[in-house]
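Pasted below: input.tsv, TSV, C-alpha atoms.
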chain	number	residue	atom	x	y	z
Y	71	MET	CA	22.88	211.08	87.97
Y	72	LYS	CA	26.00	210.18	85.99
Y	73	SER	CA	28.15	212.59	87.99
Y	74	ARG	CA	26.98	211.08	91.25
Y	75	TRP	CA	28.11	207.61	90.12
Y	76	LEU	CA	31.42	209.11	89.13
Y	77	LEU	CA	31.71	210.65	92.57
Y	78	PHE	CA	30.90	207.37	94.27
Y	79	ILE	CA	33.60	205.58	92.28
Y	80	LEU	CA	36.03	208.38	93.15
Y	81	VAL	CA	35.39	208.01	96.88
Y	82	ILE	CA	35.90	204.24	96.71
Y	83	PHE	CA	39.06	204.77	94.71
Y	84	PHE	CA	40.45	207.20	97.31
Y	85	GLN	CA	39.67	204.86	100.18
Y	86	GLN	CA	41.42	202.01	98.42
Y	87	GLY	CA	44.36	204.31	97.80
Y	88	PHE	CA	44.65	205.25	101.48
Y	89	ALA	CA	44.46	201.62	102.57
Y	90	GLN	CA	47.20	200.84	100.10
Y	91	ILE	CA	49.37	203.66	101.49
Y	92	GLN	CA	48.87	202.36	105.04
Y	93	LEU	CA	50.05	198.89	104.05
Y	94	GLU	CA	53.05	200.30	102.23
Y	95	GLU	CA	53.96	202.41	105.27
Y	96	GLN	CA	53.63	199.35	107.46
Y	97	LEU	CA	55.92	197.36	105.17
Y	98	ALA	CA	58.52	200.13	105.33
Y	99	PHE	CA	58.17	200.10	109.14
Y	100	VAL	CA	58.73	196.33	109.24
Y	101	GLU	CA	61.79	196.64	107.02
Y	102	SER	CA	63.24	199.38	109.22
Y	103	LEU	CA	62.73	197.27	112.35
Y	104	PHE	CA	64.39	194.33	110.63
Y	105	ALA	CA	67.30	196.52	109.56
Y	106	GLN	CA	67.70	197.69	113.17
Y	107	GLU	CA	67.79	194.01	114.22
Y	108	LYS	CA	64.66	194.42	116.34
Y	109	TYR	CA	63.44	191.02	115.30
Y	110	PHE	CA	60.70	190.54	117.89
Y	111	ASP	CA	59.02	193.82	116.93
Y	112	ALA	CA	59.62	193.17	113.26
Y	113	ILE	CA	57.74	189.88	113.53
Y	114	THR	CA	54.84	191.53	115.39
Y	115	GLU	CA	54.49	194.30	112.82
Y	116	ALA	CA	54.92	191.91	109.91
Y	117	LYS	CA	52.15	189.72	111.32
Y	118	ARG	CA	49.98	192.82	111.66
Y	119	LEU	CA	50.63	193.69	108.01
Y	120	SER	CA	49.87	190.13	106.99
Y	121	PHE	CA	46.59	190.19	108.97
Y	122	PHE	CA	45.35	193.38	107.29
Y	123	ASP	CA	46.66	192.57	103.82
Y	124	SER	CA	43.39	191.05	102.67
Y	125	SER	CA	44.47	190.79	99.03
Y	126	ASN	CA	47.70	188.97	100.01
Y	127	GLN	CA	49.74	191.28	97.83
Y	128	TYR	CA	52.59	191.45	100.38
Y	129	SER	CA	52.32	187.84	101.43
Y	130	TYR	CA	55.59	186.61	100.00
Y	131	LYS	CA	57.58	189.59	101.28
Y	132	VAL	CA	56.00	189.53	104.74
Y	133	ASN	CA	56.37	185.79	105.27
Y	134	SER	CA	59.99	185.95	104.12
Y	135	LEU	CA	60.69	188.79	106.57
Y	136	ILE	CA	59.04	186.90	109.43
Y	137	ALA	CA	61.04	183.80	108.53
Y	138	GLU	CA	64.30	185.76	108.35
Y	139	SER	CA	63.55	187.36	111.73
Y	140	TYR	CA	62.85	183.99	113.32
Y	141	LYS	CA	66.04	182.64	111.75
Y	142	SER	CA	68.03	185.54	113.20
Y	143	GLY	CA	66.46	184.84	116.59
Y	144	ASN	CA	67.53	181.19	116.25
Y	145	LYS	CA	63.94	179.94	116.13
Y	146	LEU	CA	64.61	177.64	113.23
Y	147	SER	CA	61.40	175.58	113.22
Y	148	GLU	CA	59.30	178.74	113.04
Y	149	ALA	CA	61.60	180.06	110.33
Y	150	VAL	CA	61.00	176.94	108.22
Y	151	ASN	CA	57.28	177.31	108.86
Y	152	TYR	CA	57.20	180.86	107.50
Y	153	PHE	CA	59.58	180.14	104.61
Y	154	THR	CA	57.16	177.38	103.61
Y	155	LYS	CA	54.32	179.92	103.66
Y	156	ALA	CA	56.47	182.30	101.59
Y	157	GLU	CA	57.22	179.47	99.18
Y	158	ARG	CA	53.50	178.99	98.60
Y	159	GLU	CA	53.10	182.69	97.89
Y	160	SER	CA	56.14	183.07	95.61
Y	161	ARG	CA	55.32	184.87	92.38
Y	162	ASN	CA	58.17	183.80	90.11
Y	163	PRO	CA	60.71	180.97	89.74
Y	164	GLU	CA	63.52	183.03	91.33
Y	165	GLU	CA	61.55	183.61	94.52
Y	166	LEU	CA	60.51	179.98	94.61
Y	167	PHE	CA	64.08	178.77	94.11
Y	168	SER	CA	65.65	181.09	96.70
Y	169	THR	CA	63.00	180.17	99.30
Y	170	LYS	CA	63.45	176.46	98.69
Y	171	ILE	CA	67.22	176.81	99.10
Y	172	LYS	CA	66.72	178.66	102.40
Y	173	ILE	CA	64.38	175.94	103.69
Y	174	ILE	CA	66.92	173.25	102.79
Y	175	LYS	CA	69.75	175.19	104.48
Y	176	ILE	CA	67.78	175.63	107.71
Y	177	ASN	CA	66.69	171.99	107.70
Y	178	ILE	CA	70.34	170.95	107.44
Y	179	VAL	CA	71.19	173.18	110.43
Y	180	ILE	CA	68.25	171.72	112.40
Y	181	PHE	CA	69.37	168.18	111.54
Y	182	ILE	CA	72.98	168.82	112.61
Y	183	THR	CA	71.90	170.57	115.83
Y	184	ARG	CA	69.64	167.64	116.75
Y	185	ALA	CA	72.37	165.12	115.96
Y	186	ILE	CA	74.83	166.99	118.20
Y	187	LYS	CA	72.22	167.22	120.98
Y	188	ASP	CA	71.40	163.50	120.74
Y	189	ASP	CA	75.10	162.66	120.76
Y	190	SER	CA	75.90	164.63	123.91
P	211	MET	CA	26.79	224.28	89.49
P	212	MET	CA	30.57	223.76	89.23
P	213	GLN	CA	31.12	225.11	92.75
P	214	LYS	CA	28.45	222.80	94.07
P	215	THR	CA	30.11	219.78	92.50
P	216	ILE	CA	33.54	220.70	93.90
P	217	PHE	CA	32.03	221.19	97.34
P	218	PHE	CA	30.29	217.83	97.09
P	219	VAL	CA	33.53	216.11	96.00
P	220	LEU	CA	35.46	217.61	98.93
P	221	LEU	CA	32.67	216.70	101.30
P	222	SER	CA	32.80	213.11	100.12
P	223	ILE	CA	36.58	212.82	100.26
P	224	PHE	CA	37.05	214.52	103.61
P	225	PRO	CA	35.27	211.85	105.72
P	226	SER	CA	37.12	209.16	103.87
P	227	LEU	CA	40.42	210.89	104.67
P	228	LEU	CA	39.39	211.31	108.26
P	229	PHE	CA	38.15	207.74	108.45
P	230	SER	CA	41.39	206.51	107.01
P	231	GLN	CA	43.43	208.32	109.67
P	232	ALA	CA	41.26	207.16	112.56
P	233	SER	CA	41.02	203.59	111.40
P	234	GLY	CA	44.70	202.98	110.69
P	235	LEU	CA	46.24	199.62	111.48
P	236	PHE	CA	46.57	200.71	115.12
P	237	ALA	CA	42.95	201.75	115.65
P	238	PRO	CA	41.59	200.05	118.80
P	239	GLU	CA	39.04	197.81	117.07
P	240	LYS	CA	41.66	196.68	114.54
P	241	ARG	CA	44.20	196.07	117.29
P	242	LYS	CA	41.64	193.96	119.12
P	243	ALA	CA	40.96	191.92	115.99
P	244	PHE	CA	44.70	191.48	115.48
P	245	ALA	CA	45.23	190.45	119.11
P	246	ASP	CA	42.45	187.86	118.80
P	247	TYR	CA	44.07	186.58	115.64
P	248	LEU	CA	47.44	186.25	117.41
P	249	PHE	CA	45.74	184.43	120.29
P	250	CYS	CA	44.17	181.94	117.90
P	251	GLU	CA	47.51	181.53	116.15
P	252	LYS	CA	48.88	180.57	119.59
P	253	ASP	CA	51.30	183.51	119.57
P	254	TYR	CA	50.33	184.28	123.16
P	255	LEU	CA	53.26	186.56	123.96
P	256	ARG	CA	52.44	189.00	121.17
P	257	ALA	CA	48.71	188.66	121.82
P	258	SER	CA	49.22	189.60	125.47
P	259	GLU	CA	51.25	192.67	124.44
P	260	GLU	CA	48.48	193.81	122.10
P	261	TYR	CA	45.80	193.27	124.76
P	262	GLU	CA	47.92	195.15	127.29
P	263	ALA	CA	48.41	198.10	124.91
P	264	LEU	CA	44.64	198.23	124.42
P	265	ASN	CA	44.01	197.86	128.12
P	266	ASN	CA	46.30	200.80	128.82
P	267	LEU	CA	44.25	202.92	126.44
P	268	ASN	CA	40.88	201.83	127.73
P	269	LYS	CA	40.82	199.51	130.72
P	270	ASN	CA	38.18	196.80	130.63
P	271	ASP	CA	37.58	193.40	132.20
P	272	SER	CA	37.38	191.51	128.94
P	273	LEU	CA	40.88	192.65	127.92
P	274	SER	CA	42.34	191.84	131.35
P	275	TYR	CA	40.70	188.42	131.13
P	276	SER	CA	42.31	187.84	127.73
P	277	ILE	CA	45.69	188.87	129.17
P	278	GLY	CA	45.19	186.33	131.97
P	279	LEU	CA	44.38	183.64	129.41
P	280	CYS	CA	47.56	184.46	127.50
P	281	PHE	CA	49.63	184.08	130.68
P	282	LEU	CA	47.86	180.81	131.45
P	283	LYS	CA	48.60	179.49	127.95
P	284	MET	CA	52.26	180.53	128.31
P	285	ASN	CA	52.41	178.60	131.61
P	286	GLU	CA	53.07	181.87	133.46
P	287	TYR	CA	50.79	180.69	136.25
P	288	GLY	CA	51.92	183.27	138.82
P	289	LYS	CA	51.01	186.20	136.56
P	290	ALA	CA	47.77	184.52	135.43
P	291	GLU	CA	46.79	183.92	139.05
P	292	ASP	CA	47.25	187.64	139.84
P	293	VAL	CA	45.14	188.73	136.86
P	294	PHE	CA	42.27	186.33	137.60
P	295	TYR	CA	42.33	187.24	141.28
P	296	GLN	CA	41.90	190.93	140.36
P	297	LEU	CA	38.93	189.97	138.19
P	298	ARG	CA	37.21	187.73	140.72
P	299	ASN	CA	34.42	190.25	141.36
P	300	SER	CA	34.26	191.71	137.86
P	301	THR	CA	31.72	191.12	135.10
P	302	LEU	CA	33.70	187.99	134.23
P	303	GLY	CA	33.85	187.04	137.90
P	304	GLU	CA	32.65	183.41	137.67
P	305	GLU	CA	35.07	182.46	134.89
P	306	SER	CA	37.89	184.37	136.59
P	307	ARG	CA	37.32	182.67	139.93
P	308	LEU	CA	37.48	179.27	138.27
P	309	LEU	CA	40.62	180.15	136.33
P	310	TYR	CA	42.15	181.63	139.48
P	311	LEU	CA	41.61	178.30	141.24
P	312	LYS	CA	42.96	176.43	138.25
P	313	THR	CA	46.17	178.49	138.15
P	314	SER	CA	46.61	178.08	141.90
P	315	PHE	CA	46.14	174.35	141.45
P	316	LEU	CA	48.72	174.30	138.65
P	317	LEU	CA	51.11	176.25	140.87
P	318	ASN	CA	50.73	173.43	143.41
P	319	ASN	CA	49.35	175.90	145.93
P	320	ASN	CA	46.99	174.65	148.57
P	321	ILE	CA	43.57	175.59	147.22
P	322	GLU	CA	41.40	174.03	149.91
P	323	GLU	CA	40.81	177.33	151.69
P	324	LYS	CA	40.16	179.09	148.40
P	325	THR	CA	37.66	176.47	147.24
P	326	ASP	CA	35.84	176.84	150.55
P	327	SER	CA	35.52	180.58	150.09
P	328	PHE	CA	34.42	180.23	146.44
P	329	SER	CA	31.89	177.44	146.90
P	330	ASN	CA	28.30	178.33	145.97
P	331	GLN	CA	29.55	181.25	143.90
P	332	PHE	CA	28.92	179.67	140.51
P	333	GLY	CA	25.53	180.23	138.92
P	334	ASN	CA	26.49	178.60	135.63
P	335	LYS	CA	26.08	174.81	135.70
P	336	ASP	CA	29.17	174.03	133.60
P	337	LEU	CA	31.32	176.23	135.80
P	338	GLU	CA	29.88	174.67	138.93
P	339	THR	CA	30.75	171.18	137.61
P	340	SER	CA	34.26	172.32	136.71
P	341	PHE	CA	34.65	173.85	140.16
P	342	ARG	CA	33.62	170.61	141.88
P	343	ARG	CA	36.03	168.60	139.71
P	344	LEU	CA	38.85	170.99	140.51
P	345	ASP	CA	38.05	170.74	144.20
P	346	LEU	CA	38.14	166.93	144.00
P	347	ALA	CA	41.41	166.93	142.08
P	348	ALA	CA	42.94	169.11	144.80
P	349	GLN	CA	41.62	166.67	147.40
P	350	ILE	CA	43.14	163.73	145.51
P	351	LYS	CA	46.53	165.44	145.51
P	352	ALA	CA	46.25	166.23	149.18
P	353	GLY	CA	45.50	162.56	149.95
P	354	MET	CA	41.75	162.05	149.69
P	355	SER	CA	39.97	160.21	152.49
P	356	GLN	CA	38.11	156.96	151.76
P	357	ALA	CA	34.87	158.66	152.72
P	358	SER	CA	35.22	161.24	149.94
P	359	LEU	CA	35.98	158.67	147.22
P	360	HIS	CA	32.30	158.14	146.39
P	361	SER	CA	32.04	161.79	145.24
P	362	LEU	CA	34.29	160.87	142.29
P	363	ASP	CA	31.50	158.68	140.89
P	364	THR	CA	29.03	161.54	140.78
P	365	ASN	CA	31.37	164.14	139.32
P	366	PHE	CA	33.37	162.17	136.76
P	367	GLU	CA	32.34	159.73	134.07
P	368	GLY	CA	33.26	156.35	132.62
P	369	THR	CA	36.69	154.83	132.98
P	370	ASP	CA	38.07	158.09	134.38
P	371	VAL	CA	36.50	157.28	137.75
P	372	GLN	CA	38.61	154.12	138.08
P	373	LEU	CA	41.76	155.97	137.07
P	374	LEU	CA	41.06	158.78	139.52
P	375	ARG	CA	40.42	156.25	142.27
P	376	SER	CA	43.79	154.65	141.61
P	377	PHE	CA	45.42	158.11	141.65
P	378	ALA	CA	43.66	158.86	144.95
P	379	GLU	CA	44.94	155.55	146.33
P	380	ASN	CA	48.51	156.31	145.20
P	381	PHE	CA	48.44	159.81	146.65
P	382	SER	CA	47.05	158.73	150.00
P	383	HIS	CA	49.28	155.62	150.23
P	384	PRO	CA	52.34	156.53	148.21
P	385	ASN	CA	54.90	153.89	147.38
P	386	ARG	CA	57.57	155.13	149.82
P	387	LYS	CA	60.80	153.68	151.16
P	388	SER	CA	61.78	154.39	154.73
P	389	PRO	CA	65.12	156.26	154.93
P	390	PHE	CA	65.78	154.79	158.40
P	391	ALA	CA	65.14	151.24	157.17
P	392	ALA	CA	67.50	151.88	154.25
P	393	ALA	CA	70.21	153.13	156.63
P	394	LEU	CA	69.67	150.13	158.93
P	395	PHE	CA	69.89	147.63	156.05
P	396	SER	CA	73.15	149.20	154.93
P	397	ALA	CA	74.50	149.09	158.49
P	398	VAL	CA	73.84	145.33	158.59
P	399	LEU	CA	75.03	144.58	155.06
P	400	PRO	CA	76.80	147.39	153.15
P	401	GLY	CA	74.85	148.33	150.01
P	402	ALA	CA	71.64	146.55	151.09
P	403	GLY	CA	69.91	149.86	151.80
P	404	LYS	CA	70.65	151.09	148.29
P	405	ILE	CA	69.40	147.84	146.81
P	406	TYR	CA	66.24	148.32	148.92
P	407	THR	CA	65.76	151.72	147.23
P	408	LYS	CA	66.27	150.06	143.82
P	409	ASN	CA	69.64	151.70	143.38
P	410	TYR	CA	71.21	148.38	142.39
P	411	GLY	CA	74.44	149.62	140.80
P	412	ASP	CA	75.43	151.74	143.79
P	413	GLY	CA	74.42	148.97	146.21
P	414	ILE	CA	76.64	146.35	144.62
P	415	THR	CA	79.53	148.83	144.29
P	416	SER	CA	79.23	149.75	147.99
P	417	LEU	CA	79.24	146.08	148.96
P	418	ILE	CA	82.32	145.30	146.87
P	419	VAL	CA	84.33	148.40	147.95
P	420	THR	CA	83.56	148.06	151.67
P	421	SER	CA	84.26	144.33	151.60
P	422	LEU	CA	87.50	144.85	149.75
P	423	PHE	CA	88.80	147.44	152.23
P	424	SER	CA	87.68	145.28	155.16
P	425	PHE	CA	89.58	142.36	153.73
P	426	LEU	CA	92.70	144.50	153.20
P	427	TRP	CA	92.40	145.80	156.77
P	428	TYR	CA	92.15	142.28	158.18
P	429	ASP	CA	94.83	140.88	155.89
P	430	ASN	CA	97.35	143.59	156.79
P	431	PHE	CA	96.78	143.09	160.52
P	432	ARG	CA	97.28	139.36	160.10
P	433	ALA	CA	100.47	139.92	158.07
P	434	GLY	CA	101.87	142.26	160.74
P	435	HIS	CA	101.63	145.61	158.86
P	436	PRO	CA	99.83	147.77	161.46
P	437	THR	CA	100.31	151.12	159.64
P	438	ARG	CA	98.76	149.87	156.42
P	439	ALA	CA	96.13	148.05	158.44
P	440	TRP	CA	95.10	151.28	160.16
P	441	ILE	CA	94.95	153.13	156.87
P	442	PHE	CA	92.62	150.46	155.46
P	443	ALA	CA	90.65	150.44	158.70
P	444	GLY	CA	90.10	154.18	158.28
P	445	LEU	CA	89.06	153.73	154.65
P	446	THR	CA	86.70	150.90	155.61
P	447	GLY	CA	85.07	153.06	158.27
P	448	PHE	CA	84.79	155.98	155.85
P	449	PHE	CA	83.11	153.88	153.15
P	450	TYR	CA	80.94	152.01	155.65
P	451	TRP	CA	79.43	155.15	157.23
P	452	GLY	CA	79.31	156.88	153.87
P	453	ASN	CA	77.28	153.97	152.56
P	454	VAL	CA	74.90	154.11	155.56
P	455	TYR	CA	74.35	157.85	155.08
P	456	GLY	CA	74.12	157.38	151.28
P	457	SER	CA	71.37	154.79	151.72
P	458	TYR	CA	69.38	157.22	153.88
P	459	ILE	CA	69.69	159.91	151.16
P	460	SER	CA	68.95	157.38	148.43
P	461	ALA	CA	65.61	156.50	150.10
P	462	ARG	CA	64.71	160.18	150.40
P	463	ASN	CA	65.54	160.76	146.72
P	464	TYR	CA	63.50	157.70	145.78
P	465	ASN	CA	60.48	159.13	147.62
P	466	LEU	CA	60.89	162.54	145.99
P	467	GLU	CA	61.24	161.00	142.53
P	468	LYS	CA	58.15	158.84	143.01
P	469	ALA	CA	56.12	161.79	144.29
P	470	GLU	CA	57.16	163.91	141.29
P	471	GLU	CA	56.44	161.04	138.90
P	472	LEU	CA	52.96	160.64	140.36
P	473	ASN	CA	52.33	164.39	140.23
P	474	ASN	CA	53.41	164.60	136.60
P	475	GLU	CA	51.32	161.58	135.68
P	476	PHE	CA	48.28	163.08	137.38
P	477	ASP	CA	48.81	166.51	135.79
P	478	SER	CA	49.22	165.06	132.31
P	479	PHE	CA	46.07	162.98	132.81
P	480	LEU	CA	44.14	166.09	133.82
P	481	ASN	CA	45.59	168.08	130.92
P	482	SER	CA	44.72	165.38	128.42
P	483	LYS	CA	41.12	165.43	129.65
P	484	ASN	CA	41.01	169.25	129.82
P	485	TYR	CA	39.02	169.07	133.01
P	486	PHE	CA	38.15	172.07	135.17
P	487	VAL	CA	37.71	174.68	132.49
P	488	PRO	CA	34.95	174.57	129.91
P	489	LYS	CA	36.58	175.13	126.52
P	490	LYS	CA	34.37	178.09	125.66
P	491	ILE	CA	35.83	180.23	128.46
P	492	GLU	CA	39.39	179.60	127.33
P	493	GLY	CA	39.01	181.73	124.22
P	494	SER	CA	36.97	180.93	121.16
P	495	CYS	CA	39.06	180.16	118.11
P	496	LYS	CA	37.75	178.45	115.02

Spit out the file's structure as C-alpha cells when you get a sec.
Amino acid sequence: MKSRWLLFILVIFFQQGFAQIQLEEQLAFVESLFAQEKYFDAITEAKRLSFFDSSNQYSYKVNSLIAESYKSGNKLSEAVNYFTKAERESRNPEELFSTKIKIIKINIVIFITRAIKDDS
Amino acid sequence: MMQKTIFFVLLSIFPSLLFSQASGLFAPEKRKAFADYLFCEKDYLRASEEYEALNNLNKNDSLSYSIGLCFLKMNEYGKAEDVFYQLRNSTLGEESRLLYLKTSFLLNNNIEEKTDSFSNQFGNKDLETSFRRLDLAAQIKAGMSQASLHSLDTNFEGTDVQLLRSFAENFSHPNRKSPFAAALFSAVLPGAGKIYTKNYGDGITSLIVTSLFSFLWYDNFRAGHPTRAWIFAGLTGFFYWGNVYGSYISARNYNLEKAEELNNEFDSFLNSKNYFVPKKIEGSCK
C-alpha cells in the first residue's frame, strides 16, 4: 500500500517536472525571438507562456519581455501597460525600481510625442 | 517482486511522458484555449493567427467563424465578409448570414438584394429581430420612404424611434446646396456662392479681390493706361470665372461633407446601441 502511494507521488512529481521544462523551453524560445528582433512573434509566444504559467512564476520576466517588445515596436501605451503588470509582479526592490524607471521614461516620451503632435 | 515494481513504475511514467509530449503548449486544445484568451484580451490579430493555425490543422466552421469575428473586430470588413459568406450554409449559418449582412452594411455596400435573399432564413427570434433592424437601417441610409417609417415603431424601442425617424428624414431629404445656384450667385455677386455654401472666408476674399482688380481695370482705362488696364482686365476675368467655378466646387464639397457627417453620425449611433448583432454571437468573454 505504502509503495503505491510513493508511486503516485512520483508520477505527479514527474508530470510537474515536465510541465516546468515546457515553460522553461518556452521562455528560452521567447528570449531567442526577442534577441532576433522578431518582436511580434516574441509577444505572441510570451503571451502564450503567460497564459499557461498558472503559478505566475515567470510573470515578471514575461511581462517585461512583452513590454520591451512593444517598446521596440513603438507601441508605447501597450509597453507602459505591460511594464505596469511587471511592476506588480516584481520580486525584489531592484526589479521594482528598474521597472518604475522604465515606465517614467516611456511616459516622458509619450508626453513629448503628444506635445509635438498637438503643436503641429 | 522487484521486477514487478520497476515495471509498474515505468508503466506509470510512460503515459505521463507521452501525455506531456502530446499536450505541449501547442497541442490543439491548448492552442484553442489560448486563442480564446487572446480574443477576450482584444488581441484580435494574434487570436486570428492562432485560429487560422488550428483551422489549417483541422478545418471546422467554429474556427472559421472565430476568424471572421476577429476580422470584424479589427475593422477588416472585406475579409470578414468573405469568411461569413463562405459560412452562410454551414452549421453556424444563421449567425454567419447576419454577420455577413452586417459587414456588407459596414462596407457601405448595397444590401437590399442580399436582405431579400436572406429573409425568412432566421429561425432564432433574436437573429430575426436583428436582421429586421439591419434591413431597416439599410433602408434609412438608402432614403427610406414615408410609408416604411411606421415599421421603425415596431422594430425599435423608446427614444431610439424618434432619433431613427430624424435620421431617416435627413437621409431622404439631405441638407444640400445646389452647385448651379452657388455658381449663379457668384456670377451675380462674386463670392456670394461661397457664402451660400457657408464658406464665408473664401466668399469675402473673392469679393474683395475681384472688386479690387475691377476697380484697377476701370481706373487704368480712365487714366489712359490701356496696357495696364488690359492686364487688370485679364486678372479680373480670371478671378471672376475662377470664383464662379470655385463656388460650384464649394457646393459639391459641402454636400459631400454633410453626407459623410450624417453617415458617421448614424454609424456611431448604431455602434453605440450595438444593434443588429446579439452580443452572445460576437464571442463570449467574461

Using only C-alpha atoms, the best pick from P:Ser388, P:Ser258, P:Asn334, P:Ser396 as closest to Arg241 of chain P would be P:Ser258

Self-check item: 12 Å contact set for Gln349 of chain P, only C-alpha atoms, chain neighbours under 6 positions out, as a ChimeraX atom specification
Solution: /P:315,320-323,325,342-343,355-359,361-362,374-375,377-379,381-382

Atom-to-atom span, atom CA of Arg432 of chain P and atom CA of Ala402 of chain P, Å: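 Atom-to-atom, atom CA of Arg432 of chain P to atom CA of Ala402 of chain P, that is 28.1 Å.
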
Atom CA of Gly447 of chain P to atom CA of Ser460 of chain P, distance in Å rounded to a single decimal
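Interatomic distance, atom CA of Gly447 of chain P to atom CA of Ser460 of chain P: 19.4 Å.
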
Exercise. Please provide the set of residues having any atom within 12 Å of segment 100-114 of chain Y, restricted to all atoms listed in the file, with same-chain residues fewer than 5 positions apart removed, written as a ChimeraX atom specification.
Key: /Y:93-95,119-121,128,131-145,148-149,152 /P:241,244-245,247-248,253-260

- Residue nearest Asp123 of chain Y among Y:Ser190, Y:Gln92, Y:Thr154, Y:Thr169 (counting only C-alpha atoms):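 Between Y:Ser190, Y:Gln92, Y:Thr154, Y:Thr169, the residue approaching Asp123 of chain Y most closely is Y:Gln92.
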
(message) Please list as a VMD selection string every residue within 7 Å of segment 275-282 of chain P, counting only C-alpha atoms and excluding residues in the same chain fewer than 3 positions away.
(response) chain P and resid 254 258 261 to 262 271 to 272 285 to 287 289 to 290 293 to 294 492

Atom pair atom CA of Ser376 of chain P / atom CA of Asp326 of chain P: separation (Å)
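That distance, rounded to one decimal, is 25.2 Å.
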
If you count only C-alpha atoms, the residue of P:Lys240, P:Lys483, P:Arg298, P:Lys312 closest to chain Y turns out to be P:Lys240

Can you tell me, as a PyMOL selection string, what residues are no more than 7 Å from segment 408-425 of chain P when counting all atoms listed in the file, ignoring any on the same chain fewer than 4 positions away?
chain P and resi 400-402+404+429+442-443+445-446+449-450+453

Could you give me segment 154-168 of chain Y completed to N, CA, C and O atoms, formatted as a PDB file, keeping the file's coordinate frame?
ATOM      1  N   THR Y 154      58.080 178.244 104.356  1.00  0.00           N
ATOM      2  CA  THR Y 154      57.160 177.380 103.610  1.00  0.00           C
ATOM      3  C   THR Y 154      55.945 178.186 103.147  1.00  0.00           C
ATOM      4  O   THR Y 154      55.478 178.022 102.013  1.00  0.00           O
ATOM      5  N   LYS Y 155      55.450 179.062 104.055  1.00  0.00           N
ATOM      6  CA  LYS Y 155      54.320 179.920 103.660  1.00  0.00           C
ATOM      7  C   LYS Y 155      54.741 180.843 102.512  1.00  0.00           C
ATOM      8  O   LYS Y 155      53.990 181.052 101.571  1.00  0.00           O
ATOM      9  N   ALA Y 156      55.967 181.400 102.636  1.00  0.00           N
ATOM     10  CA  ALA Y 156      56.470 182.300 101.590  1.00  0.00           C
ATOM     11  C   ALA Y 156      56.612 181.542 100.271  1.00  0.00           C
ATOM     12  O   ALA Y 156      56.280 182.068  99.201  1.00  0.00           O
ATOM     13  N   GLU Y 157      57.040 180.299 100.378  1.00  0.00           N
ATOM     14  CA  GLU Y 157      57.220 179.470  99.180  1.00  0.00           C
ATOM     15  C   GLU Y 157      55.890 179.327  98.424  1.00  0.00           C
ATOM     16  O   GLU Y 157      55.847 179.421  97.200  1.00  0.00           O
ATOM     17  N   ARG Y 158      54.827 179.136  99.214  1.00  0.00           N
ATOM     18  CA  ARG Y 158      53.500 178.990  98.600  1.00  0.00           C
ATOM     19  C   ARG Y 158      53.041 180.277  97.907  1.00  0.00           C
ATOM     20  O   ARG Y 158      52.263 180.242  96.977  1.00  0.00           O
ATOM     21  N   GLU Y 159      53.545 181.394  98.420  1.00  0.00           N
ATOM     22  CA  GLU Y 159      53.100 182.690  97.890  1.00  0.00           C
ATOM     23  C   GLU Y 159      54.082 183.268  96.869  1.00  0.00           C
ATOM     24  O   GLU Y 159      53.904 184.407  96.433  1.00  0.00           O
ATOM     25  N   SER Y 160      55.120 182.524  96.525  1.00  0.00           N
ATOM     26  CA  SER Y 160      56.140 183.070  95.610  1.00  0.00           C
ATOM     27  C   SER Y 160      55.503 183.346  94.238  1.00  0.00           C
ATOM     28  O   SER Y 160      54.643 182.595  93.783  1.00  0.00           O
ATOM     29  N   ARG Y 161      55.979 184.440  93.612  1.00  0.00           N
ATOM     30  CA  ARG Y 161      55.320 184.870  92.380  1.00  0.00           C
ATOM     31  C   ARG Y 161      56.119 184.550  91.121  1.00  0.00           C
ATOM     32  O   ARG Y 161      55.633 184.696  90.021  1.00  0.00           O
ATOM     33  N   ASN Y 162      57.376 184.156  91.294  1.00  0.00           N
ATOM     34  CA  ASN Y 162      58.170 183.800  90.110  1.00  0.00           C
ATOM     35  C   ASN Y 162      59.195 182.711  90.470  1.00  0.00           C
ATOM     36  O   ASN Y 162      59.419 182.449  91.661  1.00  0.00           O
ATOM     37  N   PRO Y 163      59.788 182.091  89.475  1.00  0.00           N
ATOM     38  CA  PRO Y 163      60.710 180.970  89.740  1.00  0.00           C
ATOM     39  C   PRO Y 163      61.895 181.347  90.641  1.00  0.00           C
ATOM     40  O   PRO Y 163      62.351 180.529  91.428  1.00  0.00           O
ATOM     41  N   GLU Y 164      62.361 182.604  90.517  1.00  0.00           N
ATOM     42  CA  GLU Y 164      63.520 183.030  91.330  1.00  0.00           C
ATOM     43  C   GLU Y 164      63.160 183.000  92.824  1.00  0.00           C
ATOM     44  O   GLU Y 164      63.926 182.492  93.641  1.00  0.00           O
ATOM     45  N   GLU Y 165      61.996 183.581  93.118  1.00  0.00           N
ATOM     46  CA  GLU Y 165      61.550 183.610  94.520  1.00  0.00           C
ATOM     47  C   GLU Y 165      61.362 182.189  95.050  1.00  0.00           C
ATOM     48  O   GLU Y 165      61.787 181.867  96.156  1.00  0.00           O
ATOM     49  N   LEU Y 166      60.757 181.368  94.216  1.00  0.00           N
ATOM     50  CA  LEU Y 166      60.510 179.980  94.610  1.00  0.00           C
ATOM     51  C   LEU Y 166      61.822 179.259  94.887  1.00  0.00           C
ATOM     52  O   LEU Y 166      61.984 178.595  95.929  1.00  0.00           O
ATOM     53  N   PHE Y 167      62.791 179.446  93.983  1.00  0.00           N
ATOM     54  CA  PHE Y 167      64.080 178.770  94.110  1.00  0.00           C
ATOM     55  C   PHE Y 167      64.822 179.237  95.374  1.00  0.00           C
ATOM     56  O   PHE Y 167      65.296 178.419  96.170  1.00  0.00           O
ATOM     57  N   SER Y 168      64.875 180.571  95.549  1.00  0.00           N
ATOM     58  CA  SER Y 168      65.650 181.090  96.700  1.00  0.00           C
ATOM     59  C   SER Y 168      65.006 180.648  98.019  1.00  0.00           C
ATOM     60  O   SER Y 168      65.693 180.326  98.986  1.00  0.00           O
TER      61      SER Y 168
END
